[in-house]
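Just target.cif here, mmCIF, C-alpha atoms:
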```cif
data_structure
loop_
_atom_site.group_PDB
_atom_site.id
_atom_site.type_symbol
_atom_site.label_atom_id
_atom_site.label_comp_id
_atom_site.auth_asym_id
_atom_site.auth_seq_id
_atom_site.Cartn_x
_atom_site.Cartn_y
_atom_site.Cartn_z
ATOM 1 C CA MET B 1 -5.387 19.370 8.276
ATOM 2 C CA ASP B 2 -1.788 18.071 7.965
ATOM 3 C CA PHE B 3 -0.480 21.172 9.750
ATOM 4 C CA LEU B 4 -2.929 20.669 12.626
ATOM 5 C CA LEU B 5 -2.067 16.988 13.000
ATOM 6 C CA LEU B 6 1.684 17.639 12.966
ATOM 7 C CA ALA B 7 1.327 20.440 15.518
ATOM 8 C CA ALA B 8 -0.764 18.272 17.883
ATOM 9 C CA ILE B 9 1.647 15.349 17.687
ATOM 10 C CA ALA B 10 4.660 17.679 18.102
ATOM 11 C CA ARG B 11 3.481 18.445 21.663
ATOM 12 C CA GLN B 12 3.475 14.736 22.572
ATOM 13 C CA PRO B 13 3.134 11.349 20.849
ATOM 14 C CA LEU B 14 -0.582 10.573 20.441
ATOM 15 C CA HIS B 15 -2.996 7.966 19.075
ATOM 16 C CA GLY B 16 -5.697 8.953 16.585
ATOM 17 C CA TYR B 17 -8.410 9.718 19.123
ATOM 18 C CA GLY B 18 -5.868 11.646 21.210
ATOM 19 C CA VAL B 19 -5.059 13.812 18.185
ATOM 20 C CA VAL B 20 -8.736 14.696 17.657
ATOM 21 C CA GLU B 21 -9.176 15.488 21.358
ATOM 22 C CA ALA B 22 -5.954 17.537 21.538
ATOM 23 C CA ILE B 23 -7.046 19.722 18.603
ATOM 24 C CA ARG B 24 -10.558 20.086 20.034
ATOM 25 C CA GLN B 25 -9.219 21.143 23.447
ATOM 26 C CA ALA B 26 -6.467 23.415 22.083
ATOM 27 C CA THR B 27 -9.004 25.329 19.987
ATOM 28 C CA GLY B 28 -11.742 25.457 22.650
ATOM 29 C CA ASN B 29 -13.973 23.204 20.463
ATOM 30 C CA GLU B 30 -13.696 25.675 17.565
ATOM 31 C CA LEU B 31 -12.077 23.053 15.350
ATOM 32 C CA ASP B 32 -13.952 19.750 15.404
ATOM 33 C CA LEU B 33 -12.319 17.457 12.821
ATOM 34 C CA ALA B 34 -14.297 14.907 10.835
ATOM 35 C CA GLU B 35 -12.903 12.025 12.866
ATOM 36 C CA GLY B 36 -12.853 9.402 10.128
ATOM 37 C CA THR B 37 -10.573 11.568 7.980
ATOM 38 C CA VAL B 38 -7.851 11.601 10.631
ATOM 39 C CA TYR B 39 -6.561 8.050 10.060
ATOM 40 C CA PRO B 40 -6.046 8.310 6.295
ATOM 41 C CA ALA B 41 -4.265 11.630 6.923
ATOM 42 C CA LEU B 42 -2.043 10.002 9.558
ATOM 43 C CA TYR B 43 -1.237 7.152 7.129
ATOM 44 C CA ARG B 44 -0.379 9.664 4.432
ATOM 45 C CA LEU B 45 1.912 11.639 6.753
ATOM 46 C CA GLU B 46 3.572 8.440 7.920
ATOM 47 C CA ARG B 47 4.045 7.370 4.333
ATOM 48 C CA ALA B 48 5.692 10.717 3.602
ATOM 49 C CA GLY B 49 8.131 10.059 6.443
ATOM 50 C CA LEU B 50 6.794 12.935 8.582
ATOM 51 C CA LEU B 51 5.390 10.621 11.277
ATOM 52 C CA ALA B 52 6.441 7.261 12.696
ATOM 53 C CA SER B 53 4.149 4.941 14.655
ATOM 54 C CA SER B 54 4.186 1.851 16.850
ATOM 55 C CA TRP B 55 1.684 -0.212 18.867
ATOM 56 C CA LYS B 56 1.432 0.392 22.593
ATOM 57 C CA THR B 57 -1.085 -0.743 25.212
ATOM 58 C CA VAL B 58 -2.736 2.223 26.924
ATOM 59 C CA ARG B 59 -5.421 1.712 29.620
ATOM 60 C CA GLY B 60 -5.824 -1.901 28.544
ATOM 61 C CA ARG B 61 -6.419 -1.031 24.897
ATOM 62 C CA ARG B 62 -3.966 -1.511 22.029
ATOM 63 C CA ARG B 63 -3.112 1.848 20.429
ATOM 64 C CA ARG B 64 -1.138 2.959 17.456
ATOM 65 C CA ILE B 65 0.936 5.844 18.799
ATOM 66 C CA TYR B 66 2.196 8.459 16.334
ATOM 67 C CA ARG B 67 5.259 10.601 16.871
ATOM 68 C CA LEU B 68 6.973 13.263 14.796
ATOM 69 C CA THR B 69 10.116 12.367 12.853
ATOM 70 C CA ARG B 70 12.946 14.821 12.270
ATOM 71 C CA ARG B 71 11.573 15.396 8.775
ATOM 72 C CA GLY B 72 8.127 16.027 10.297
ATOM 73 C CA ARG B 73 9.546 18.610 12.677
ATOM 74 C CA THR B 74 11.267 20.431 9.809
ATOM 75 C CA ARG B 75 8.007 20.400 7.807
ATOM 76 C CA LEU B 76 6.045 21.675 10.817
ATOM 77 C CA GLU B 77 8.437 24.594 11.278
ATOM 78 C CA ARG B 78 8.125 25.479 7.600
ATOM 79 C CA GLU B 79 4.305 25.243 7.728
ATOM 80 C CA ARG B 80 4.288 27.474 10.826
ATOM 81 C CA ARG B 81 6.375 30.138 9.099
ATOM 82 C CA GLU B 82 4.145 30.041 6.015
ATOM 83 C CA TRP B 83 0.957 30.175 8.081
ATOM 84 C CA THR B 84 2.226 33.100 10.181
ATOM 85 C CA ALA B 85 3.163 35.019 7.014
ATOM 86 C CA PHE B 86 -0.230 34.258 5.429
ATOM 87 C CA ALA B 87 -2.228 35.182 8.539
ATOM 88 C CA GLY B 88 -0.219 38.389 8.918
ATOM 89 C CA ALA B 89 -0.881 39.319 5.285
ATOM 90 C CA VAL B 90 -4.646 38.700 5.612
ATOM 91 C CA GLU B 91 -4.755 40.700 8.856
ATOM 92 C CA ALA B 92 -2.863 43.600 7.244
ATOM 93 C CA ALA B 93 -5.190 43.538 4.229
ATOM 94 C CA THR B 94 -8.371 43.480 6.288
ATOM 95 C CA ALA B 95 -7.392 45.800 9.174
ATOM 96 C CA MET P 1 -22.443 -0.441 21.981
ATOM 97 C CA ARG P 2 -24.322 -2.256 19.241
ATOM 98 C CA ALA P 3 -23.830 0.698 16.900
ATOM 99 C CA ILE P 4 -20.039 0.396 17.218
ATOM 100 C CA ASP P 5 -20.055 -3.353 16.559
ATOM 101 C CA ALA P 6 -22.292 -2.840 13.513
ATOM 102 C CA TYR P 7 -20.031 -0.049 12.260
ATOM 103 C CA LEU P 8 -16.921 -2.241 12.588
ATOM 104 C CA ARG P 9 -18.680 -5.084 10.728
ATOM 105 C CA GLU P 10 -19.574 -2.678 7.937
ATOM 106 C CA LEU P 11 -16.030 -1.284 7.803
ATOM 107 C CA ARG P 12 -14.619 -4.841 7.645
ATOM 108 C CA ARG P 13 -17.020 -5.582 4.766
ATOM 109 C CA GLU P 14 -15.945 -2.408 2.957
ATOM 110 C CA MET P 15 -12.304 -3.460 3.289
ATOM 111 C CA ARG P 16 -12.806 -7.088 2.156
ATOM 112 C CA PHE P 17 -11.364 -6.475 -1.297
ATOM 113 C CA ARG P 18 -8.849 -4.013 0.100
ATOM 114 C CA PRO P 19 -6.753 -6.083 2.497
ATOM 115 C CA ILE P 20 -3.994 -3.522 2.737
ATOM 116 C CA ARG P 21 -3.938 -2.008 6.225
ATOM 117 C CA ARG P 22 -7.322 -3.613 7.050
ATOM 118 C CA ARG P 23 -6.280 -5.119 10.365
ATOM 119 C CA ARG P 24 -4.496 -1.961 11.484
ATOM 120 C CA LEU P 25 -7.340 0.355 10.453
ATOM 121 C CA LEU P 26 -9.963 -1.822 12.167
ATOM 122 C CA ALA P 27 -7.950 -1.922 15.413
ATOM 123 C CA GLU P 28 -7.409 1.837 15.379
ATOM 124 C CA VAL P 29 -11.035 2.654 14.545
ATOM 125 C CA GLU P 30 -12.353 0.311 17.234
ATOM 126 C CA GLY P 31 -10.150 1.943 19.893
ATOM 127 C CA HIS P 32 -11.225 5.382 18.679
ATOM 128 C CA LEU P 33 -14.963 4.629 18.723
ATOM 129 C CA ARG P 34 -14.863 3.020 22.168
ATOM 130 C CA ASP P 35 -12.859 5.970 23.585
ATOM 131 C CA SER P 36 -15.273 8.392 21.993
ATOM 132 C CA ALA P 37 -18.329 6.526 23.337
ATOM 133 C CA GLU P 38 -16.795 6.387 26.832
ATOM 134 C CA ALA P 39 -16.181 10.148 26.766
ATOM 135 C CA LEU P 40 -19.769 10.755 25.630
ATOM 136 C CA GLY P 41 -20.968 8.409 28.376
ATOM 137 C CA ARG P 42 -19.058 10.482 30.954
ATOM 138 C CA ALA P 43 -20.778 13.563 29.521
ATOM 139 C CA GLY P 44 -24.149 12.004 30.386
ATOM 140 C CA ARG P 45 -25.234 10.046 27.282
ATOM 141 C CA ALA P 46 -26.819 6.609 27.665
ATOM 142 C CA PRO P 47 -24.503 3.808 26.391
ATOM 143 C CA ASP P 48 -26.472 3.109 23.188
ATOM 144 C CA GLU P 49 -26.862 6.790 22.405
ATOM 145 C CA ALA P 50 -23.127 7.344 23.040
ATOM 146 C CA GLY P 51 -22.265 4.520 20.634
ATOM 147 C CA ARG P 52 -24.530 5.915 17.924
ATOM 148 C CA GLU P 53 -23.120 9.411 18.304
ATOM 149 C CA ALA P 54 -19.504 8.158 18.237
ATOM 150 C CA VAL P 55 -20.239 6.349 14.975
ATOM 151 C CA THR P 56 -21.980 9.364 13.448
ATOM 152 C CA ARG P 57 -19.055 11.627 14.334
ATOM 153 C CA PHE P 58 -16.647 9.201 12.709
ATOM 154 C CA GLY P 59 -18.284 9.257 9.292
ATOM 155 C CA PRO P 60 -19.547 6.669 6.763
ATOM 156 C CA PRO P 61 -17.486 3.445 6.706
ATOM 157 C CA GLY P 62 -17.330 3.395 2.889
ATOM 158 C CA ALA P 63 -15.678 6.812 2.737
ATOM 159 C CA VAL P 64 -13.290 5.984 5.597
ATOM 160 C CA ALA P 65 -12.256 2.705 3.918
ATOM 161 C CA ALA P 66 -11.718 4.372 0.527
ATOM 162 C CA GLU P 67 -9.580 7.155 2.028
ATOM 163 C CA ALA P 68 -7.535 4.703 4.093
ATOM 164 C CA VAL P 69 -6.829 2.512 1.073
ATOM 165 C CA ARG P 70 -5.805 5.536 -0.983
ATOM 166 C CA ALA P 71 -3.407 6.569 1.772
ATOM 167 C CA ALA P 72 -1.819 3.098 1.899
ATOM 168 C CA GLY P 73 0.405 3.559 -1.144
ATOM 169 C CA PRO P 74 3.758 2.171 -0.042
ATOM 170 C CA ALA P 75 2.142 -0.881 1.523
ATOM 171 C CA GLY P 76 0.438 -1.523 -1.814
ATOM 172 C CA LEU P 77 3.701 -1.065 -3.652
ATOM 173 C CA SER P 78 5.469 -3.464 -1.266
ATOM 174 C CA TRP P 79 2.731 -6.020 -1.958
ATOM 175 C CA ALA P 80 3.087 -5.531 -5.692
ATOM 176 C CA ALA P 81 6.884 -5.924 -5.465
ATOM 177 C CA GLY P 82 6.390 -9.105 -3.411
ATOM 178 C CA LEU P 83 3.946 -10.425 -6.029
ATOM 179 C CA LEU P 84 6.414 -9.717 -8.826
ATOM 180 C CA LEU P 85 9.188 -11.527 -6.966
ATOM 181 C CA THR P 86 6.773 -14.475 -6.602
ATOM 182 C CA ALA P 87 6.094 -14.317 -10.360
ATOM 183 C CA LEU P 88 9.855 -14.328 -10.994
ATOM 184 C CA ALA P 89 10.249 -17.388 -8.751
ATOM 185 C CA VAL P 90 7.398 -19.190 -10.592
ATOM 186 C CA PHE P 91 8.833 -18.244 -13.987
ATOM 187 C CA SER P 92 12.211 -19.770 -13.065
ATOM 188 C CA LEU P 93 10.403 -23.143 -13.481
ATOM 189 C CA PRO P 94 9.607 -22.896 -17.236
ATOM 190 C CA LEU P 95 12.716 -20.811 -17.882
ATOM 191 C CA TYR P 96 15.211 -23.164 -16.257
ATOM 192 C CA ALA P 97 14.062 -25.932 -13.871
ATOM 193 C CA ILE P 98 11.543 -27.712 -16.145
ATOM 194 C CA PRO P 99 13.645 -27.707 -19.379
ATOM 195 C CA GLU P 100 16.793 -28.647 -17.457
ATOM 196 C CA ASN P 101 15.097 -31.730 -15.980
ATOM 197 C CA THR P 102 12.767 -32.886 -18.778
ATOM 198 C CA LEU P 103 14.233 -31.936 -22.167
ATOM 199 C CA PRO P 104 15.644 -34.803 -24.258
ATOM 200 C CA ALA P 105 19.086 -34.384 -25.824
ATOM 201 C CA ALA P 106 19.032 -31.920 -28.708
ATOM 202 C CA PRO P 107 19.665 -33.360 -32.190
ATOM 203 C CA TRP P 108 22.030 -30.545 -33.248
ATOM 204 C CA ALA P 109 25.734 -29.868 -32.579
ATOM 205 C CA GLU P 110 25.134 -26.127 -32.465
ATOM 206 C CA ARG P 111 21.821 -24.596 -31.375
ATOM 207 C CA PRO P 112 19.926 -22.894 -34.264
ATOM 208 C CA GLY P 113 20.157 -19.106 -34.240
ATOM 209 C CA HIS P 114 16.376 -18.530 -34.109
ATOM 210 C CA LEU P 115 16.262 -20.422 -30.774
ATOM 211 C CA THR P 116 19.470 -18.922 -29.387
ATOM 212 C CA TRP P 117 18.455 -15.279 -29.598
ATOM 213 C CA LYS P 118 15.073 -15.995 -28.007
ATOM 214 C CA LEU P 119 16.791 -17.844 -25.166
ATOM 215 C CA HIS P 120 19.183 -14.926 -24.633
ATOM 216 C CA ALA P 121 16.317 -12.420 -24.792
ATOM 217 C CA ALA P 122 14.250 -14.406 -22.256
ATOM 218 C CA LEU P 123 17.214 -14.582 -19.858
ATOM 219 C CA ALA P 124 18.235 -10.920 -20.296
ATOM 220 C CA PHE P 125 14.704 -9.604 -19.699
ATOM 221 C CA TYR P 126 14.385 -11.950 -16.727
ATOM 222 C CA GLY P 127 17.522 -10.364 -15.247
ATOM 223 C CA VAL P 128 16.146 -6.849 -15.812
ATOM 224 C CA ALA P 129 12.814 -7.852 -14.224
ATOM 225 C CA LEU P 130 14.563 -9.292 -11.163
ATOM 226 C CA ALA P 131 16.767 -6.216 -10.656
ATOM 227 C CA ALA P 132 13.798 -3.837 -11.097
ATOM 228 C CA ALA P 133 11.606 -5.825 -8.676
ATOM 229 C CA LEU P 134 14.337 -5.708 -6.015
ATOM 230 C CA LEU P 135 14.735 -1.954 -6.604
ATOM 231 C CA ALA P 136 10.951 -1.527 -6.293
ATOM 232 C CA LEU P 137 10.863 -3.418 -3.007
ATOM 233 C CA THR P 138 13.741 -1.366 -1.573
ATOM 234 C CA ALA P 139 12.200 1.912 -2.791
ATOM 235 C CA SER P 140 8.810 1.059 -1.275
ATOM 236 C CA TRP P 141 10.469 0.371 2.096
ATOM 237 C CA LEU P 142 12.275 3.724 1.820
ATOM 238 C CA LYS P 143 8.891 5.357 1.004
ATOM 239 C CA LEU P 144 10.103 6.475 -2.439
ATOM 240 C CA SER P 145 6.708 5.788 -3.992
ATOM 241 C CA ARG P 146 7.372 7.115 -7.481
ATOM 242 C CA VAL P 147 10.662 5.252 -7.825
ATOM 243 C CA ALA P 148 8.947 2.092 -6.555
ATOM 244 C CA LEU P 149 6.048 2.436 -8.996
ATOM 245 C CA GLY P 150 8.376 3.109 -11.944
ATOM 246 C CA ALA P 151 10.580 0.119 -11.067
ATOM 247 C CA LEU P 152 7.494 -2.082 -10.666
ATOM 248 C CA LEU P 153 6.176 -1.186 -14.095
ATOM 249 C CA VAL P 154 9.627 -1.777 -15.659
ATOM 250 C CA SER P 155 9.850 -5.135 -13.869
ATOM 251 C CA ALA P 156 6.346 -6.203 -14.961
ATOM 252 C CA ALA P 157 7.032 -5.202 -18.582
ATOM 253 C CA ALA P 158 10.435 -6.961 -18.648
ATOM 254 C CA LEU P 159 8.976 -10.132 -17.152
ATOM 255 C CA ALA P 160 6.121 -10.074 -19.676
ATOM 256 C CA VAL P 161 8.654 -9.789 -22.546
ATOM 257 C CA SER P 162 10.707 -12.603 -21.010
ATOM 258 C CA ALA P 163 7.575 -14.786 -20.707
ATOM 259 C CA ILE P 164 6.542 -14.119 -24.333
ATOM 260 C CA ALA P 165 10.064 -14.884 -25.644
ATOM 261 C CA GLY P 166 10.171 -17.976 -23.414
ATOM 262 C CA THR P 167 6.781 -19.216 -24.654
ATOM 263 C CA VAL P 168 7.701 -18.815 -28.330
ATOM 264 C CA LEU P 169 11.029 -20.524 -27.587
ATOM 265 C CA ALA P 170 9.281 -23.460 -25.858
ATOM 266 C CA VAL P 171 6.868 -23.976 -28.770
ATOM 267 C CA GLN P 172 9.630 -23.763 -31.411
ATOM 268 C CA TRP P 173 11.928 -26.007 -29.370
ATOM 269 C CA ALA P 174 9.181 -28.633 -29.038
ATOM 270 C CA ALA P 175 8.660 -28.526 -32.816
ATOM 271 C CA ALA P 176 12.402 -28.913 -33.484
ATOM 272 C CA VAL P 177 13.226 -31.604 -30.905
ATOM 273 C CA PRO P 178 11.149 -34.831 -30.883
ATOM 274 C CA GLY P 179 10.035 -35.860 -27.374
ATOM 275 C CA SER P 180 9.842 -32.274 -25.992
ATOM 276 C CA GLY P 181 6.072 -32.462 -25.460
ATOM 277 C CA THR P 182 6.340 -33.010 -21.689
ATOM 278 C CA THR P 183 8.500 -29.897 -21.295
ATOM 279 C CA LEU P 184 5.988 -27.851 -23.270
ATOM 280 C CA ALA P 185 3.034 -29.279 -21.315
ATOM 281 C CA LEU P 186 4.668 -28.340 -17.999
ATOM 282 C CA SER P 187 6.113 -25.004 -19.114
ATOM 283 C CA LEU P 188 3.008 -23.375 -20.571
ATOM 284 C CA PRO P 189 0.812 -23.573 -17.412
ATOM 285 C CA ALA P 190 3.718 -22.261 -15.284
ATOM 286 C CA THR P 191 4.141 -19.379 -17.756
ATOM 287 C CA ALA P 192 0.398 -18.690 -17.639
ATOM 288 C CA VAL P 193 0.523 -18.547 -13.813
ATOM 289 C CA THR P 194 3.474 -16.124 -14.094
ATOM 290 C CA GLY P 195 1.489 -13.916 -16.474
ATOM 291 C CA SER P 196 -1.518 -13.862 -14.127
ATOM 292 C CA ILE P 197 0.623 -12.852 -11.145
ATOM 293 C CA VAL P 198 2.278 -10.105 -13.213
ATOM 294 C CA ALA P 199 -1.168 -8.766 -14.180
ATOM 295 C CA VAL P 200 -2.325 -8.731 -10.539
ATOM 296 C CA ALA P 201 0.919 -7.076 -9.375
ATOM 297 C CA THR P 202 0.567 -4.355 -12.026
ATOM 298 C CA ALA P 203 -3.045 -3.723 -11.018
ATOM 299 C CA VAL P 204 -2.112 -3.500 -7.320
ATOM 300 C CA ALA P 205 0.741 -1.091 -8.119
ATOM 301 C CA LEU P 206 -1.511 1.180 -10.181
ATOM 302 C CA LEU P 207 -4.472 1.051 -7.781
ATOM 303 C CA TYR P 208 -2.462 1.581 -4.618
ATOM 304 C CA GLY P 209 0.410 3.654 -5.998
ATOM 305 C CA PRO P 210 1.172 7.310 -5.227
ATOM 306 C CA PRO P 211 -2.096 9.268 -4.762
ATOM 307 C CA SER P 212 -1.337 11.740 -7.551
ATOM 308 C CA MET P 213 -1.203 8.839 -10.004
ATOM 309 C CA GLN P 214 -4.529 7.363 -8.943
ATOM 310 C CA ARG P 215 -7.796 8.158 -10.606
ATOM 311 C CA ALA P 216 -9.839 10.875 -8.908
ATOM 312 C CA GLU P 217 -13.144 9.622 -7.530
#
```

Can you dump the structure from the file as structure tokens?
Amino acid sequence: MDFLLLAAIARQPLHGYGVVEAIRQATGNELDLAEGTVYPALYRLERAGLLASSWKTVRGRRRRIYRLTRRGRTRLERERREWTAFAGAVEAATA
Amino acid sequence: MRAIDAYLRELRREMRFRPIRRRRLLAEVEGHLRDSAEALGRAGRAPDEAGREAVTRFGPPGAVAAEAVRAAGPAGLSWAAGLLLTALAVFSLPLYAIPENTLPAAPWAERPGHLTWKLHAALAFYGVALAAALLALTASWLKLSRVALGALLVSAAALAVSAIAGTVLAVQWAAAVPGSGTTLALSLPATAVTGSIVAVATAVALLYGPPSMQRAE
């Protein structure tokens, strides 16, 4: 979940609903997150210093926009490397 | 959109004893649900049906509130540090301000040893509590949750020791110096208030501290 959220926000700063939509669209509706779990996860990532957020008015509605910090970008790169290695290992084992 | 309004009321109720991040969570969830319902409306759902589906997709308000509170660690630690600093400010009344302004002149040339060491202990532990509370506040702002929690617990313990030493000192001083009753009568309630705030601050720190240190549900 954290990996997915960081990757979505790395493309562009997003609010919570935008994150859910971005993941849904990027995966062709394959990954449909339990929406209520997104906000606690965003708070946790912000608390860990991986995300930063600020209020912004978008289409007349006040939004909390999340963006990746430098620490978040470093973590995302590490998670990507680990995921690629893991997926490669599973693929090799099941080919 | 009655379903969304009802959901937000329920979420607000769930968060009533968990004020940390309540306003922010409610604002974010409301925006999310209305966006979601609008998107479902564009996909052909009737407004009421869209609202109900948006709420269902979001999940039960109790679970959302519990998760959000658990994720709000540093805010909780900042609150606890603020509470402890308030307790320290309140305790400066019985420790210094009240005795300084109400105590009658002492009948001795040199203060008895059994009062002196308690006074020094109360002041020393007060100093430790103040330094630890300031460290906790700084650490919580820097998102160093474990450091903040450790400093908070040290501060609460040091202030409790200071309050106990101060209370014993006040009672013994009143017994040794005629006319000290007013000081004692004013000091004990202020010390009791300090103790209550320390207890609340400790509970907040433990309940809203780093997730790994919270009880599993």

Determine, using only C-alpha atoms, which residues of chain B have any atom at most 10 Å from an atom of chain P, and tabulate each with its shortest atom pair and distance in Å to one decimal place, rows ordered by chain and then rising number, as CSV.
```
residue,atom,partner,partner_atom,distance
B:His15,CA,P:Glu28,CA,8.4
B:Gly16,CA,P:His32,CA,6.9
B:Tyr17,CA,P:His32,CA,5.2
B:Gly18,CA,P:His32,CA,8.6
B:Val20,CA,P:His32,CA,9.7
B:Glu21,CA,P:Ser36,CA,9.4
B:Asp32,CA,P:Arg57,CA,9.7
B:Leu33,CA,P:Arg57,CA,9.0
B:Ala34,CA,P:Phe58,CA,6.4
B:Glu35,CA,P:Phe58,CA,4.7
B:Gly36,CA,P:Phe58,CA,4.6
B:Thr37,CA,P:Val64,CA,6.7
B:Val38,CA,P:Val64,CA,9.3
B:Tyr39,CA,P:Ala68,CA,6.9
B:Pro40,CA,P:Ala68,CA,4.5
B:Ala41,CA,P:Ala71,CA,7.3
B:Leu42,CA,P:Ala71,CA,8.6
B:Tyr43,CA,P:Ala71,CA,5.8
B:Arg44,CA,P:Ala71,CA,5.1
B:Leu45,CA,P:Ala71,CA,8.9
B:Glu46,CA,P:Lys143,CA,9.3
B:Arg47,CA,P:Lys143,CA,6.2
B:Ala48,CA,P:Lys143,CA,6.8
B:Gly49,CA,P:Lys143,CA,7.2
B:Trp55,CA,P:Arg24,CA,9.8
B:Arg61,CA,P:Gly31,CA,6.9
B:Arg62,CA,P:Gly31,CA,7.4
B:Arg63,CA,P:Glu28,CA,6.6
B:Arg64,CA,P:Glu28,CA,6.7
B:Ile65,CA,P:Glu28,CA,9.9
```

Selection from above, C-alpha atoms, as a compact mmCIF listing (two decimals), keeping the file's coordinate frame, can you write it?
```txt
# COMPACT_ATOMS: atom_id res chain seq x y z
CA HIS B 15 -3.00 7.97 19.08
CA GLY B 16 -5.70 8.95 16.58
CA TYR B 17 -8.41 9.72 19.12
CA GLY B 18 -5.87 11.65 21.21
CA VAL B 20 -8.74 14.70 17.66
CA GLU B 21 -9.18 15.49 21.36
CA ASP B 32 -13.95 19.75 15.40
CA LEU B 33 -12.32 17.46 12.82
CA ALA B 34 -14.30 14.91 10.84
CA GLU B 35 -12.90 12.02 12.87
CA GLY B 36 -12.85 9.40 10.13
CA THR B 37 -10.57 11.57 7.98
CA VAL B 38 -7.85 11.60 10.63
CA TYR B 39 -6.56 8.05 10.06
CA PRO B 40 -6.05 8.31 6.30
CA ALA B 41 -4.26 11.63 6.92
CA LEU B 42 -2.04 10.00 9.56
CA TYR B 43 -1.24 7.15 7.13
CA ARG B 44 -0.38 9.66 4.43
CA LEU B 45 1.91 11.64 6.75
CA GLU B 46 3.57 8.44 7.92
CA ARG B 47 4.04 7.37 4.33
CA ALA B 48 5.69 10.72 3.60
CA GLY B 49 8.13 10.06 6.44
CA TRP B 55 1.68 -0.21 18.87
CA ARG B 61 -6.42 -1.03 24.90
CA ARG B 62 -3.97 -1.51 22.03
CA ARG B 63 -3.11 1.85 20.43
CA ARG B 64 -1.14 2.96 17.46
CA ILE B 65 0.94 5.84 18.80
```

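Proximity ranking of P:Thr116, P:Ser155, P:Ser180, P:Ser78 relative to Ala199 (chain P) places P:Ser155 first, based on only C-alpha atoms.
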
Seminar exercise, completed: note - CA of Gln12 (chain B) and CA of Glu38 (chain P) are separated by 22.3 Å

For this session: Excluding Thr74 (chain B) and residues on its chain fewer than 2 positions from it, collect all residues at most 12 Å away from it, counting all atoms listed in the file, and give them as a ChimeraX atom specification.
Result: /B:3,6-7,10,49-51,68-72,76-81

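Residues in contact with Ile197 (chain P) at up to 10 Å, not including ones fewer than 4 positions away on its chain and judged by only C-alpha atoms, are Ala80, Leu83, Leu84, Leu85, Thr86, Ala87, Leu88, Val90, Ala156, Thr191, Ala192, Val193, Ala201, Thr202 and Ala203 of chain P.
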
Exercise. Could you write out as JSON, numbers by chain the residues that the PyMOL selection byres ((chain P and resi 182-184) around 12) matches in the shown file?
Worked result: {"P": [93, 94, 95, 96, 97, 98, 99, 100, 101, 102, 103, 104, 166, 167, 168, 169, 170, 171, 172, 173, 174, 175, 177, 178, 179, 180, 181, 185, 186, 187, 188, 189, 190, 191]}

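In this structure, CA of Trp79 (chain P) sits 19.6 Å away from CA of Glu14 (chain P).
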
Exercise. Could you state the separation of CA of Glu53 (chain P) and CA of Arg59 (chain B) in Å, given to one decimal place?
Worked result: 22.4 Å
